[in-house]
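Source file structure_36.pdb; content: PDB, C-alpha atoms, pLDDT in the B column.
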ATOM      1  CA  GLU A  79     159.494 112.347  93.089  1.00 67.00           C
ATOM      2  CA  ASN A  80     162.548 113.562  91.160  1.00 77.00           C
ATOM      3  CA  PHE A  81     160.438 114.587  88.170  1.00 82.00           C
ATOM      4  CA  SER A  82     157.880 117.282  87.605  1.00 83.00           C
ATOM      5  CA  SER A  83     154.829 116.784  85.467  1.00 81.00           C
ATOM      6  CA  ASN A  84     155.597 117.080  81.719  1.00 83.00           C
ATOM      7  CA  ASP A  85     159.412 116.782  82.118  1.00 88.00           C
ATOM      8  CA  MET A  86     160.835 115.080  79.022  1.00 88.00           C
ATOM      9  CA  VAL A  87     162.292 111.681  79.947  1.00 88.00           C
ATOM     10  CA  VAL A  88     163.537 108.504  78.283  1.00 87.00           C
ATOM     11  CA  LEU A  89     162.388 105.076  79.486  1.00 83.00           C
ATOM     12  CA  LEU A  90     164.722 102.062  79.354  1.00 82.00           C
ATOM     13  CA  SER A  91     163.777  98.426  79.751  1.00 80.00           C
ATOM     14  CA  ARG A  92     166.688  96.425  81.192  1.00 75.00           C
ATOM     15  CA  SER A  93     167.161  92.674  80.867  1.00 73.00           C
ATOM     16  CA  ILE A  94     170.025  90.323  81.765  1.00 72.00           C
ATOM     17  CA  THR A  95     170.737  87.288  79.594  1.00 71.00           C
ATOM     18  CA  SER A  96     173.784  85.033  80.095  1.00 69.00           C
ATOM     19  CA  GLY A  97     175.434  87.704  82.228  1.00 64.00           C
ATOM     20  CA  ALA A  98     175.005  90.454  79.612  1.00 63.00           C
ATOM     21  CA  THR A  99     172.828  93.480  80.378  1.00 65.00           C
ATOM     22  CA  THR A 100     170.672  94.910  77.598  1.00 70.00           C
ATOM     23  CA  ALA A 101     168.950  98.295  77.857  1.00 70.00           C
ATOM     24  CA  THR A 102     166.247  99.025  75.275  1.00 76.00           C
ATOM     25  CA  ILE A 103     164.485 102.340  74.754  1.00 76.00           C
ATOM     26  CA  VAL A 104     160.752 101.844  75.140  1.00 77.00           C
ATOM     27  CA  PRO A 105     159.138 103.745  72.245  1.00 70.00           C
ATOM     28  CA  GLN A 106     155.966 105.778  72.274  1.00 64.00           C
ATOM     29  CA  GLY A 107     154.949 105.475  68.663  1.00 62.00           C
ATOM     30  CA  SER A 108     157.946 106.729  66.722  1.00 66.00           C
ATOM     31  CA  SER A 109     159.226 108.882  69.582  1.00 78.00           C
ATOM     32  CA  PHE A 110     162.022 108.019  72.007  1.00 83.00           C
ATOM     33  CA  SER A 111     160.872 110.339  74.794  1.00 84.00           C
ATOM     34  CA  PHE A 112     157.870 110.760  77.057  1.00 81.00           C
ATOM     35  CA  SER A 113     156.254 113.716  78.736  1.00 84.00           C
ATOM     36  CA  TYR A 114     156.389 112.524  82.335  1.00 83.00           C
ATOM     37  CA  SER A 115     153.311 111.913  84.421  1.00 80.00           C
ATOM     38  CA  PRO A 116     152.519 109.148  86.925  1.00 76.00           C
ATOM     39  CA  ALA A 117     149.674 107.969  84.707  1.00 77.00           C
ATOM     40  CA  ALA A 118     151.958 107.622  81.694  1.00 71.00           C
ATOM     41  CA  PHE A 119     154.138 105.100  83.550  1.00 73.00           C
ATOM     42  CA  ALA A 120     151.461 103.206  85.442  1.00 73.00           C
ATOM     43  CA  SER A 121     151.501 100.353  82.910  1.00 70.00           C
ATOM     44  CA  TYR A 122     155.252  99.861  83.422  1.00 70.00           C
ATOM     45  CA  SER A 123     155.011  99.394  87.193  1.00 66.00           C
ATOM     46  CA  THR A 124     155.180  95.591  87.367  1.00 65.00           C
ATOM     47  CA  ASN A 125     156.826  93.005  89.596  1.00 63.00           C
ATOM     48  CA  THR A 126     158.382  91.089  86.709  1.00 66.00           C
ATOM     49  CA  SER A 127     160.237  93.769  84.724  1.00 70.00           C
ATOM     50  CA  SER A 128     162.728  96.527  85.500  1.00 75.00           C
ATOM     51  CA  TYR A 129     162.397  99.952  83.911  1.00 79.00           C
ATOM     52  CA  PHE A 130     164.670 102.953  84.353  1.00 82.00           C
ATOM     53  CA  VAL A 131     163.588 106.544  83.788  1.00 83.00           C
ATOM     54  CA  TYR A 132     166.177 109.200  82.881  1.00 86.00           C
ATOM     55  CA  GLY A 133     165.427 112.908  82.720  1.00 87.00           C
ATOM     56  CA  LEU A 134     166.444 114.758  79.557  1.00 88.00           C
ATOM     57  CA  ASP A 135     165.075 118.283  79.792  1.00 88.00           C
ATOM     58  CA  ASP A 136     162.267 120.352  81.298  1.00 86.00           C
ATOM     59  CA  THR A 137     160.380 120.795  78.054  1.00 86.00           C
ATOM     60  CA  ASN A 138     162.364 119.491  75.039  1.00 86.00           C
ATOM     61  CA  ALA A 139     164.066 116.317  73.807  1.00 87.00           C
ATOM     62  CA  ARG A 140     165.874 116.337  70.455  1.00 89.00           C
ATOM     63  CA  MET A 141     168.073 113.294  71.281  1.00 88.00           C
ATOM     64  CA  PRO A 142     167.764 110.358  73.726  1.00 85.00           C
ATOM     65  CA  PHE A 143     170.751 111.385  75.839  1.00 85.00           C
ATOM     66  CA  ASN A 144     172.396 114.449  77.339  1.00 89.00           C
ATOM     67  CA  ARG A 145     175.669 115.308  75.619  1.00 91.00           C
ATOM     68  CA  VAL A 146     178.760 117.202  76.763  1.00 93.00           C
ATOM     69  CA  ASP A 147     181.671 118.234  74.513  1.00 93.00           C
ATOM     70  CA  TYR A 148     185.186 119.083  75.715  1.00 93.00           C
ATOM     71  CA  TYR A 149     187.434 121.141  73.439  1.00 93.00           C
ATOM     72  CA  VAL A 150     190.149 123.792  73.389  1.00 94.00           C
ATOM     73  CA  ALA A 151     189.288 127.113  71.734  1.00 92.00           C
ATOM     74  CA  THR A 152     191.726 129.906  70.956  1.00 86.00           C
ATOM     75  CA  GLY A 153     189.115 132.504  70.109  1.00 75.00           C
ATOM     76  CA  GLY A 154     187.395 134.786  72.577  1.00 72.00           C
ATOM     77  CA  THR A 155     188.956 136.400  75.612  1.00 78.00           C
ATOM     78  CA  ILE A 156     192.160 134.737  76.794  1.00 83.00           C
ATOM     79  CA  PRO A 157     193.604 135.951  80.148  1.00 89.00           C
ATOM     80  CA  GLN A 158     196.592 138.270  79.730  1.00 90.00           C
ATOM     81  CA  LEU A 159     198.811 136.025  81.835  1.00 94.00           C
ATOM     82  CA  CYS A 160     198.489 133.232  79.234  1.00 96.00           C
ATOM     83  CA  ALA A 161     201.209 132.699  76.661  1.00 95.00           C
ATOM     84  CA  GLN A 162     200.458 133.727  73.100  1.00 92.00           C
ATOM     85  CA  GLY A 163     199.042 130.808  71.131  1.00 92.00           C
ATOM     86  CA  THR A 164     197.259 129.113  74.027  1.00 95.00           C
ATOM     87  CA  GLY A 165     193.523 128.654  74.452  1.00 95.00           C
ATOM     88  CA  THR A 166     190.848 127.705  76.962  1.00 95.00           C
ATOM     89  CA  LEU A 167     189.526 124.215  77.683  1.00 95.00           C
ATOM     90  CA  TYR A 168     185.732 124.309  77.614  1.00 94.00           C
ATOM     91  CA  LYS A 169     182.996 121.996  78.796  1.00 96.00           C
ATOM     92  CA  ALA A 170     179.981 122.553  76.543  1.00 96.00           C
ATOM     93  CA  THR A 171     176.552 121.019  77.119  1.00 94.00           C
ATOM     94  CA  VAL A 172     174.327 120.566  74.066  1.00 93.00           C
ATOM     95  CA  ASN A 173     170.913 122.157  74.628  1.00 93.00           C
ATOM     96  CA  GLN A 174     168.003 119.827  73.992  1.00 91.00           C
ATOM     97  CA  SER A 175     165.880 122.755  72.805  1.00 89.00           C
ATOM     98  CA  ASN A 176     167.953 123.954  69.839  1.00 91.00           C
ATOM     99  CA  GLY A 177     171.239 122.028  69.691  1.00 91.00           C
ATOM    100  CA  ALA A 178     173.279 125.093  70.668  1.00 93.00           C
ATOM    101  CA  LEU A 179     176.178 124.860  73.117  1.00 92.00           C
ATOM    102  CA  THR A 180     176.229 126.240  76.637  1.00 94.00           C
ATOM    103  CA  LYS A 181     179.946 126.720  77.337  1.00 93.00           C
ATOM    104  CA  THR A 182     181.736 126.638  80.689  1.00 94.00           C
ATOM    105  CA  PRO A 183     185.483 127.388  80.848  1.00 93.00           C
ATOM    106  CA  ILE A 184     187.438 124.674  82.675  1.00 94.00           C
ATOM    107  CA  LEU A 185     191.128 125.557  82.286  1.00 95.00           C
ATOM    108  CA  ASP A 186     192.975 128.548  80.816  1.00 95.00           C
ATOM    109  CA  CYS A 187     196.347 128.686  79.056  1.00 97.00           C
ATOM    110  CA  VAL A 188     196.073 125.309  77.298  1.00 97.00           C
ATOM    111  CA  ALA A 189     198.539 124.672  74.482  1.00 96.00           C
ATOM    112  CA  ASP A 190     197.568 121.143  73.404  1.00 95.00           C
ATOM    113  CA  MET A 191     195.144 118.292  74.132  1.00 95.00           C
ATOM    114  CA  GLN A 192     195.419 114.703  72.941  1.00 94.00           C
ATOM    115  CA  VAL A 193     192.978 111.805  73.381  1.00 95.00           C
ATOM    116  CA  VAL A 194     193.922 108.107  73.211  1.00 96.00           C
ATOM    117  CA  PHE A 195     191.508 105.152  73.219  1.00 96.00           C
ATOM    118  CA  GLY A 196     192.289 101.687  74.604  1.00 96.00           C
ATOM    119  CA  TRP A 197     190.389  98.860  72.892  1.00 97.00           C
ATOM    120  CA  ASP A 198     189.680  95.193  73.577  1.00 97.00           C
ATOM    121  CA  LEU A 199     189.415  93.900  70.007  1.00 96.00           C
ATOM    122  CA  ALA A 200     190.571  90.283  70.305  1.00 96.00           C
ATOM    123  CA  ASP A 201     189.542  87.081  72.060  1.00 94.00           C
ATOM    124  CA  ALA A 202     191.813  85.034  74.323  1.00 93.00           C
ATOM    125  CA  GLY A 203     193.423  83.454  71.261  1.00 93.00           C
ATOM    126  CA  GLY A 204     194.362  86.812  69.773  1.00 92.00           C
ATOM    127  CA  ASN A 205     191.704  86.605  67.064  1.00 94.00           C
ATOM    128  CA  LEU A 206     189.856  89.755  66.018  1.00 95.00           C
ATOM    129  CA  VAL A 207     186.243  89.846  67.277  1.00 95.00           C
ATOM    130  CA  SER A 208     184.206  91.180  64.358  1.00 94.00           C
ATOM    131  CA  ASP A 209     180.775  90.807  65.978  1.00 94.00           C
ATOM    132  CA  PRO A 210     179.746  94.228  67.406  1.00 94.00           C
ATOM    133  CA  THR A 211     177.672  92.564  70.126  1.00 91.00           C
ATOM    134  CA  GLN A 212     180.548  90.484  71.504  1.00 92.00           C
ATOM    135  CA  PRO A 213     183.437  91.708  73.710  1.00 92.00           C
ATOM    136  CA  GLY A 214     187.002  90.470  73.544  1.00 93.00           C
ATOM    137  CA  ASP A 215     188.890  88.778  76.366  1.00 94.00           C
ATOM    138  CA  GLY A 216     188.652  91.802  78.689  1.00 94.00           C
ATOM    139  CA  GLN A 217     192.203  93.052  78.098  1.00 95.00           C
ATOM    140  CA  VAL A 218     193.328  96.199  76.263  1.00 96.00           C
ATOM    141  CA  ASP A 219     195.185  95.002  73.185  1.00 95.00           C
ATOM    142  CA  THR A 220     194.984  98.029  70.870  1.00 95.00           C
ATOM    143  CA  TRP A 221     195.594 101.770  71.355  1.00 96.00           C
ATOM    144  CA  THR A 222     194.438 104.404  68.864  1.00 95.00           C
ATOM    145  CA  ASN A 223     194.280 108.152  68.520  1.00 94.00           C
ATOM    146  CA  ALA A 224     190.910 109.883  68.869  1.00 93.00           C
ATOM    147  CA  ASP A 225     189.752 109.423  65.269  1.00 93.00           C
ATOM    148  CA  GLY A 226     191.079 105.861  64.934  1.00 94.00           C
ATOM    149  CA  THR A 227     193.410 106.620  62.034  1.00 94.00           C
ATOM    150  CA  LEU A 228     196.556 105.616  63.969  1.00 93.00           C
ATOM    151  CA  SER A 229     196.884 102.442  66.031  1.00 93.00           C
ATOM    152  CA  MET A 230     199.345 100.223  67.853  1.00 93.00           C
ATOM    153  CA  GLY A 231     198.983  96.944  69.712  1.00 92.00           C
ATOM    154  CA  SER A 232     199.160  93.172  69.582  1.00 90.00           C
ATOM    155  CA  VAL A 233     196.202  92.559  67.265  1.00 92.00           C
ATOM    156  CA  SER A 234     196.642  92.314  63.507  1.00 91.00           C
ATOM    157  CA  LEU A 235     193.993  94.609  62.034  1.00 92.00           C
ATOM    158  CA  PRO A 236     192.721  94.020  58.490  1.00 93.00           C
ATOM    159  CA  PRO A 237     194.000  96.542  55.946  1.00 92.00           C
ATOM    160  CA  SER A 238     191.321  98.993  54.920  1.00 92.00           C
ATOM    161  CA  THR A 239     190.696 102.573  53.837  1.00 91.00           C
ATOM    162  CA  PRO A 240     189.843 104.280  56.117  1.00 93.00           C
ATOM    163  CA  PRO A 241     191.793 102.312  58.749  1.00 95.00           C
ATOM    164  CA  TYR A 242     189.852  99.524  60.476  1.00 96.00           C
ATOM    165  CA  VAL A 243     189.192 101.278  63.796  1.00 96.00           C
ATOM    166  CA  ALA A 244     188.215 104.555  62.091  1.00 96.00           C
ATOM    167  CA  GLY A 245     185.965 102.940  59.498  1.00 95.00           C
ATOM    168  CA  THR A 246     184.520  99.943  61.359  1.00 96.00           C
ATOM    169  CA  ILE A 247     184.815 100.324  65.138  1.00 96.00           C
ATOM    170  CA  LEU A 248     184.170 104.040  65.668  1.00 96.00           C
ATOM    171  CA  THR A 249     181.247 104.066  63.238  1.00 96.00           C
ATOM    172  CA  ASN A 250     179.388 101.269  65.058  1.00 95.00           C
ATOM    173  CA  ALA A 251     177.856 101.954  68.476  1.00 93.00           C
ATOM    174  CA  GLY A 252     177.821  98.221  69.242  1.00 93.00           C
ATOM    175  CA  HIS A 253     181.584  97.938  68.833  1.00 96.00           C
ATOM    176  CA  ILE A 254     182.124 100.976  71.063  1.00 96.00           C
ATOM    177  CA  ARG A 255     179.895  99.549  73.806  1.00 93.00           C
ATOM    178  CA  THR A 256     181.588  96.144  73.849  1.00 94.00           C
ATOM    179  CA  LYS A 257     185.211  97.028  73.060  1.00 96.00           C
ATOM    180  CA  LEU A 258     186.166 100.479  74.374  1.00 97.00           C
ATOM    181  CA  LYS A 259     187.967  99.964  77.701  1.00 97.00           C
ATOM    182  CA  VAL A 260     189.988 103.098  78.468  1.00 97.00           C
ATOM    183  CA  VAL A 261     190.049 106.783  77.498  1.00 96.00           C
ATOM    184  CA  LYS A 262     193.250 108.724  78.179  1.00 96.00           C
ATOM    185  CA  VAL A 263     193.309 112.521  77.960  1.00 96.00           C
ATOM    186  CA  TYR A 264     196.570 114.508  77.959  1.00 96.00           C
ATOM    187  CA  ILE A 265     196.486 118.292  78.408  1.00 97.00           C
ATOM    188  CA  LEU A 266     199.517 120.557  78.031  1.00 97.00           C
ATOM    189  CA  ALA A 267     198.902 123.685  80.111  1.00 98.00           C
ATOM    190  CA  GLN A 268     200.886 126.665  81.333  1.00 97.00           C
ATOM    191  CA  VAL A 269     201.989 126.803  84.984  1.00 97.00           C
ATOM    192  CA  GLY A 270     202.462 130.301  86.448  1.00 96.00           C
ATOM    193  CA  ARG A 271     203.367 133.560  84.781  1.00 96.00           C
ATOM    194  CA  ARG A 272     206.082 134.408  82.295  1.00 96.00           C
ATOM    195  CA  ASP A 273     209.615 134.140  83.738  1.00 97.00           C
ATOM    196  CA  PRO A 274     212.259 135.911  81.592  1.00 96.00           C
ATOM    197  CA  ASN A 275     214.989 133.998  83.474  1.00 96.00           C
ATOM    198  CA  TYR A 276     213.565 130.594  82.545  1.00 97.00           C
ATOM    199  CA  THR A 277     213.643 128.777  79.220  1.00 97.00           C
ATOM    200  CA  SER A 278     211.403 125.767  78.793  1.00 97.00           C
ATOM    201  CA  PRO A 279     212.616 122.623  77.037  1.00 96.00           C
ATOM    202  CA  SER A 280     210.998 122.118  73.651  1.00 97.00           C
ATOM    203  CA  PRO A 281     209.406 120.100  72.118  1.00 96.00           C
ATOM    204  CA  ILE A 282     207.233 118.616  74.887  1.00 96.00           C
ATOM    205  CA  VAL A 283     205.733 115.144  74.495  1.00 94.00           C
ATOM    206  CA  VAL A 284     201.952 115.229  75.070  1.00 95.00           C
ATOM    207  CA  GLY A 285     201.004 111.619  75.701  1.00 91.00           C
ATOM    208  CA  ASP A 286     202.597 108.354  76.808  1.00 89.00           C
ATOM    209  CA  PRO A 287     206.129 107.972  75.365  1.00 84.00           C
ATOM    210  CA  ASN A 288     205.500 104.208  75.188  1.00 84.00           C
ATOM    211  CA  GLU A 289     202.595 104.743  72.791  1.00 84.00           C
ATOM    212  CA  VAL A 290     204.753 105.475  69.785  1.00 76.00           C
ATOM    213  CA  GLY A 291     202.879 107.276  67.035  1.00 83.00           C
ATOM    214  CA  LEU A 292     199.953 108.289  69.250  1.00 90.00           C
ATOM    215  CA  THR A 293     201.678 111.164  71.048  1.00 89.00           C
ATOM    216  CA  SER A 294     201.989 114.803  70.048  1.00 88.00           C
ATOM    217  CA  SER A 295     205.435 116.381  69.993  1.00 91.00           C
ATOM    218  CA  HIS A 296     204.497 119.968  70.774  1.00 95.00           C
ATOM    219  CA  THR A 297     207.118 122.485  69.713  1.00 96.00           C
ATOM    220  CA  LEU A 298     206.850 125.690  71.718  1.00 96.00           C
ATOM    221  CA  SER A 299     206.924 128.980  69.855  1.00 95.00           C
ATOM    222  CA  GLY A 300     209.380 131.672  70.878  1.00 95.00           C
ATOM    223  CA  ALA A 301     206.612 133.429  72.800  1.00 92.00           C
ATOM    224  CA  MET A 302     206.027 130.278  74.891  1.00 96.00           C
ATOM    225  CA  LEU A 303     209.595 129.463  75.905  1.00 97.00           C
ATOM    226  CA  ASN A 304     209.682 131.688  78.990  1.00 97.00           C
ATOM    227  CA  TYR A 305     206.798 129.821  80.648  1.00 98.00           C
ATOM    228  CA  ARG A 306     206.681 126.593  82.642  1.00 98.00           C
ATOM    229  CA  TRP A 307     204.463 123.804  81.340  1.00 98.00           C
ATOM    230  CA  LYS A 308     202.803 120.718  82.725  1.00 97.00           C
ATOM    231  CA  VAL A 309     201.187 117.711  81.054  1.00 97.00           C
ATOM    232  CA  TYR A 310     198.026 116.645  82.897  1.00 96.00           C
ATOM    233  CA  ARG A 311     197.021 112.992  82.444  1.00 96.00           C
ATOM    234  CA  ILE A 312     193.437 111.826  82.963  1.00 96.00           C
ATOM    235  CA  VAL A 313     192.507 108.130  82.661  1.00 96.00           C
ATOM    236  CA  VAL A 314     188.827 107.139  82.452  1.00 95.00           C
ATOM    237  CA  ARG A 315     187.247 103.684  82.330  1.00 96.00           C
ATOM    238  CA  PRO A 316     183.646 104.285  81.173  1.00 92.00           C
ATOM    239  CA  LYS A 317     181.490 102.253  83.561  1.00 90.00           C
ATOM    240  CA  ASN A 318     178.342 102.654  81.455  1.00 84.00           C
ATOM    241  CA  LEU A 319     179.783 100.536  78.636  1.00 87.00           C
ATOM    242  CA  THR A 320     179.361  96.776  78.406  1.00 85.00           C
ATOM    243  CA  SER A 321     183.133  96.434  78.061  1.00 89.00           C
ATOM    244  CA  ASN A 322     183.624  97.563  81.696  1.00 88.00           C
ATOM    245  CA  GLN A 323     180.704  95.774  83.329  1.00 80.00           C
TER
END
This entry written out as structure tokens:
Amino acid sequence: ENFSSNDMVVLLSRSITSGATTATIVPQGSSFSFSYSPAAFASYSTNTSSYFVYGLDDTNARMPFNRVDYYVATGGTIPQLCAQGTGTLYKATVNQSNGALTKTPILDCVADMQVVFGWDLADAGGNLVSDPTQPGDGQVDTWTNADGTLSMGSVSLPPSTPPYVAGTILTNAGHIRTKLKVVKVYILAQVGRRDPNYTSPSPIVVGDPNEVGLTSSHTLSGAMLNYRWKVYRIVVRPKNLTSNQ
């Protein structure tokens, strides 16, 4: 009853084998989506299989998921109370109809944003798990920056160009599903208005000081020194990934 006739949806068949859950898109010819109607799904209503239906869009489906981007932009209209050089944190949904972004401002006066990934790349013996379908021992053993070019941790990664996580892990959806455990987001944002009687310390570390090499040392410009700043820390454990199930 949550769908209207002709809504574009994706249909997943779920199975559990040896404790691992597998979700497979049920194709309709070469297409990944269906135009919803009760008749279209009658053949999938059985007592022996489980199917999940997810809505994508009222009329269009250019990709089998709904996508949201988060980013800081310095263009456009920035509130006058913000320090020069700051931007706005946006949440942008990708339209199924044309791929364009529908932007929603989340936070003004943002000076910096850093993302850190926590990975489970090794088994209990400390050996690298190279199979993209297999998880490690369930513990975070490697931390990287957002594009995987910088890393630190207890696992010895094979030398490669580009670096192993950037070239092998982040380019393989299987590795991401089975090995990404934690996402940390650090946002440096202005607190309050300009105070000519206050001088902020600079630079400001954006990230965890214990994660050497993965933090940003943000040096404030002269125009930013008379403002107070705060580093917001957000930690997410994606529950839709095999690594956290």
Leaving out segment 251-258 of chain A and any residue of its chain fewer than 3 positions from it, which residues lie within 7 Å of it when counting all atoms listed in the file, given as a short mmCIF file (atom, residue, chain, number, x, y, z; two decimals) with C-alpha atoms, keeping the file's coordinate frame?
data_model
loop_
_atom_site.label_atom_id
_atom_site.label_comp_id
_atom_site.auth_asym_id
_atom_site.auth_seq_id
_atom_site.Cartn_x
_atom_site.Cartn_y
_atom_site.Cartn_z
CA GLY A 196 192.29 101.69 74.60
CA TRP A 197 190.39 98.86 72.89
CA ASP A 198 189.68 95.19 73.58
CA LEU A 199 189.42 93.90 70.01
CA PRO A 210 179.75 94.23 67.41
CA THR A 211 177.67 92.56 70.13
CA GLN A 212 180.55 90.48 71.50
CA PRO A 213 183.44 91.71 73.71
CA GLY A 214 187.00 90.47 73.54
CA ILE A 247 184.82 100.32 65.14
CA LEU A 248 184.17 104.04 65.67
CA LEU A 319 179.78 100.54 78.64
CA THR A 320 179.36 96.78 78.41
CA SER A 321 183.13 96.43 78.06
#
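Close contacts of Gly163 of chain A, defined as residues with an atom at most 12 Å away when counting all atoms listed in the file, with chain neighbours fewer than 5 positions off set aside, comprise Val150, Ala151, Thr152, Gly153, Ile156, Pro157, Gln158, Asp186, Cys187, Val188, Ala189, Asp190, Ala267, Gln268, Thr297, Leu298, Ser299, Gly300, Ala301, Met302 and Leu303 of chain A.
When only C-alpha atoms are used to measure the gap to Ser229 of chain A, the shortest distance among A:Gly245, A:Gly291, A:Gly165, A:Pro316 belongs to A:Gly291.
Minimum distance to Gln174 of chain A across A:Ala120, A:Val261, A:Val233, A:Met86 (counting all atoms listed in the file) occurs at A:Met86.
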When the PyMOL selection byres ((chain A and resi 224) around 10) is applied to the structure above, which residues does it catch, written out as a list in words? Gln192, Val193, Val194, Phe195, Trp221, Thr222, Asn223, Asp225, Gly226, Thr227, Leu228, Ser229, Ala244, Leu248, Val261, Lys262, Val263 and Leu292 of chain A
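Atom CA of Asn318 of chain A to atom CA of Tyr122 of chain A spans 23.3 Å [interatomic distance, one decimal].
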Counting only C-alpha atoms, the residue of A:Val290, A:Val313, A:Ile184, A:Leu90 that sits nearest Ser127 of chain A: A:Leu90
Would you be able to write out as a PyMOL selection string which residues have an atom within 12 Å of (171.9, 123.2, 77.1) in the file's coordinates, counting only C-alpha atoms? chain A and resi 134-140+143-147+169-182
Between atom CA of Ala161 of chain A and atom CA of Asn304 of chain A, measure the distance and give it in Å to one decimal. 8.8 Å
Can you tell me how far atom CA of Asp219 of chain A sits from atom CA of Val314 of chain A, in Å to one decimal? 16.5 Å
Within 10 Å of Arg92 of chain A, counting only C-alpha atoms, which residues show up once you throw out same-chain ones fewer than 5 positions away? Write them as a ChimeraX atom specification, please. /A:99-103,127-130
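You can rank A:Ser93, A:Ser109, A:Thr220, A:Thr166 by their closest distance to Glu289 of chain A using all atoms listed in the file, and at the top of that list sits A:Thr220.
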Selection near Ala202 of chain A, 9 Å with all atoms listed in the file, sequence-local residues under 5 positions removed, as number ranges by chain: A: 214-217
Can you list what the PyMOL selection byres ((chain A and resi 111) around 8) grabs from this structure, as JSON, numbers by chain? {"A": [86, 87, 88, 89, 105, 106, 109, 110, 112, 113, 139, 142]}
So what does the PyMOL selection byres ((chain A and resi 115) around 10) actually pick up in this one, as a PyMOL selection string? chain A and resi 81-86+112-114+116-120
Draw an axis-aligned box tight on the listed atoms of segment 129-132 of chain A, then pad every side by 8 Å and write out centre and edge lengths in Å to one decimal as JSON.
{"center_x": 164.3, "center_y": 104.6, "center_z": 83.6, "size_x": 19.8, "size_y": 25.2, "size_z": 17.5}
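Point (203.5, 131.2, 80.8) has the following residues at most 6 Å away: Cys160, Ala161, Gln268, Gly270, Arg271, Arg272, Tyr305 and Arg306 of chain A (atoms considered: all atoms listed in the file).
Ranking A:Met141, A:Leu266, A:Val218, A:Val131 by their shortest atom-to-atom distance to Val104 of chain A, with all atoms listed in the file included, puts A:Val131 first.
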Could you get me a file of segment 217-221 of chain A with all heavy atoms, as a short mmCIF file (atom, residue, chain, number, x, y, z; two decimals), in the first residue's frame, taken from the block above?
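Final file, selection.cif:
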data_model
loop_
_atom_site.label_atom_id
_atom_site.label_comp_id
_atom_site.auth_asym_id
_atom_site.auth_seq_id
_atom_site.Cartn_x
_atom_site.Cartn_y
_atom_site.Cartn_z
N GLN A 217 37.40 -6.51 13.18
CA GLN A 217 38.01 -5.39 13.88
C GLN A 217 38.59 -4.38 12.89
O GLN A 217 39.11 -4.77 11.84
CB GLN A 217 39.14 -5.89 14.80
CG GLN A 217 38.70 -6.92 15.81
CD GLN A 217 37.64 -6.41 16.76
OE1 GLN A 217 37.76 -5.29 17.28
NE2 GLN A 217 36.62 -7.20 17.01
N VAL A 218 38.51 -3.10 13.22
CA VAL A 218 39.13 -2.07 12.38
C VAL A 218 40.64 -2.15 12.56
O VAL A 218 41.15 -2.03 13.67
CB VAL A 218 38.63 -0.67 12.75
CG1 VAL A 218 39.38 0.39 11.94
CG2 VAL A 218 37.13 -0.54 12.52
N ASP A 219 41.34 -2.38 11.46
CA ASP A 219 42.80 -2.49 11.53
C ASP A 219 43.51 -1.47 10.66
O ASP A 219 44.73 -1.32 10.72
CB ASP A 219 43.25 -3.91 11.14
CG ASP A 219 42.61 -4.40 9.84
OD1 ASP A 219 42.67 -3.67 8.83
OD2 ASP A 219 42.05 -5.50 9.84
N THR A 220 42.75 -0.76 9.82
CA THR A 220 43.35 0.21 8.89
C THR A 220 42.47 1.44 8.80
O THR A 220 41.24 1.32 8.69
CB THR A 220 43.51 -0.41 7.49
OG1 THR A 220 44.28 -1.61 7.58
CG2 THR A 220 44.20 0.57 6.53
N TRP A 221 43.09 2.62 8.82
CA TRP A 221 42.40 3.90 8.65
C TRP A 221 42.94 4.57 7.41
O TRP A 221 44.15 4.56 7.17
CB TRP A 221 42.59 4.81 9.86
CG TRP A 221 42.02 4.26 11.13
CD1 TRP A 221 42.69 3.56 12.09
CD2 TRP A 221 40.66 4.34 11.57
NE1 TRP A 221 41.84 3.21 13.11
CE2 TRP A 221 40.59 3.67 12.83
CE3 TRP A 221 39.50 4.91 11.05
CZ2 TRP A 221 39.40 3.57 13.55
CZ3 TRP A 221 38.33 4.81 11.78
CH2 TRP A 221 38.28 4.14 13.00
#
